[in-house]
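> First, the structure itself, so that you have it in front of you.
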Amino acid sequence: MFAPELAPTKEDNVVRYILRRLLVSIPILGIGSFLAYLMVASAGDPLSGLRGRPGTTEADIQNLALELGLDKPILSRYWDWLTSFLSGDWGTSIALGQARADVFDRVTTAFGTTFKLVLGAEVLAVTLGIAVGVLAAVRQYSIFDYLATSTAFVMFSMPVFCVAIVVKTYGIQFNDVLTGLGMRRWLTTAGPPVGGFKGDVLEQFRLYTGTFLLPTIALGAISFAAYSRFQRASMLETLSSDYVRTAHAKGLRPARVIFRHAFRNALIPVTTLAALNIGAVFSGAIITERVFGWNGMGNLLVSAVQQFDPPMLMGWLMITAILVVVFNLVADILYGILDPRIRLG
Amino acid sequence: MANPQITETPAAGAASSSYEFGTGARKQWQTVLRRFMRHRLAMASLVILVLLTLGAVFGGAFWKYDITYTGGSSFASPSAEHPLGTSQIGKDMLALIFQGTQYSLLIALVVAFMATIIGVTLGAVAGFLRGAVDTFVMRLVDLFLIVPQLALVAIAVHAFPASWYTVAIVLGLFSWMQVARINRGQTLSLAEREFIEAAKALGASNSRIIFKHILPNLTGIITVNATLAVATAVLSEAALSFIGLGVKPPDTSLGLIIIENYSQFQDRPWLFYAPFVVIVLISLTINFIGDGLRDAFDPRQTKVRA
């Protein structure tokens, strides 16, 4: 993601490298936050919700405008926002209805929910993607390969929400089968249980798996297709390289050549891709959550846009941007660990 | 199709008659076209896509109902009168799908066009000029990729009245990054080649080199990526409309039709499956066409599909 002059040099050790990369991320986040602020400030009227509410006096509107600093020029508004953001005060939501929420609390809670889903789906997609990709490459042009290829193509072409809707419906039918057999419902299709996960270890396990299984499958399915294709391509390339032919010629067992020699090198691109892909998976999570009725980043985004809530939108954008920056860094570090040619320190 | 290699009739045109045996070199597009037509999956996809598009356009024009019709009963089952049933407020589902397909395709084309124009220009300029311009463009790409596209578009679109073209234009403004990266990489390697050096030595201006020498060599990846961008755009638009922040009535799209009807999935699955199948067909056929084009443009013409 970053310029070549930032590539690790021999004198670098890992810590210095990470620090340097973090330092470069700061201006990107800074400029990004400024552009985001401009965009949010010009994309809607935060006072419209209040105006439309019966019983609002002109003074109420004036107060909110004053609180949001709408009387000040945009640059000083941005500066005020930035300084309080950095000191940990992310502002207060202006959404009406209940007590006005603290943006930091709302955003971090929602982020926690969504991040668990994203992480689960990524782990599932990467593991399955690598396994299927390697097998398809080793058995190139076999029935399995064609099956994997066509599945991947269909998955690419599926909107995330359609996968989620189909998965959800089959989950409901599966539950009906369970209740028909006199058992309790297992899969939850309407978000995490109210009041959190309670009960003994077994009960908690049941609740956790029931809650996460369907959304994770729905979200993981799409990235899985991409990863399996990528892994297949990179495995094919490695398998046809000279050193693999040498390994075969030396008389090594095929399994050893495939797993010790080819597989480990073929892992590099996919690992990096998976870390860089986090933003796209996050987009997918927004939609999956909407289908399964989770109260995560997806619902937060939709309600913040509909009620036009600038402090909440800024908090949303910033926490997502930080996540993406961190995962870009993870991608680079993983790359360094996996590829000794650019190993650090 | 006649094989142009052995045509010696005057009808073959002036180009071949200037050669003794009529073995005139094929132009690039002729080669590409021939290879593409041999790609069976891609050709079948093209036929399906064209039929789908024509169906949506002419079907919408000639079908007895249009989307303003609300005279059907609520949630009628499929019948001869309403082949795909009716929606909650009694709209004819087939008419809705015709209209939604048109809008979805239109939006996708606008998005892909914008993404291609912006991405190719920025990518080629950055790759050719390098230095500060390159750094600037690539940092811009980083900035645009730092937050999920879906969220940026959802917020930006709020600034405008919700019609199909504002959604399309905003989506287009946030979709060019990948195209720019690919074209920059390709330009970087092209700029090292002798013919560019020769053009520079002859005193060609930068804009002439970019437009006359670099861009023609990027035709292949531009075409392939523009095709794939259409498929991506269909899905992005559907996702945006699905979370309720994209196209809004009276305009419609396949994503909007799905969100309006997916609660009926269990009782009336056809209301969900009809738009769903259309979306998947559009995006799947375009992906196959893109794949066929990639093979056709590949001078090595390897049979291995990555």
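Naming scheme: A, B, ... for chains in displayed order of the structure tokens; residues 1 onward per chain; ligands 1 onward as shown.
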Show me, as number ranges by chain, the residues of chain A whose atoms get within 8 Å of chain B, using only C-alpha atoms for the distance check.
A: 1-3, 28, 32, 39-40, 42-44, 153-154, 156-162, 165, 169, 229-230, 232-233, 279-280, 282-283, 287, 290, 301-302, 305, 317, 320-321, 324-325
> Could you state the separation of CA of Leu135 (chain A) and CA of Ala285 (chain A) in Å, given to one decimal place?
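Spanning CA of Leu135 (chain A) to CA of Ala285 (chain A) is a straight-line distance of 28.2 Å.
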> Using CA of Leu35 (chain A) and CA of Ile182 (chain B) as the two end points, give the distance in Å to one decimal.
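These two atoms are separated by 24.8 Å.
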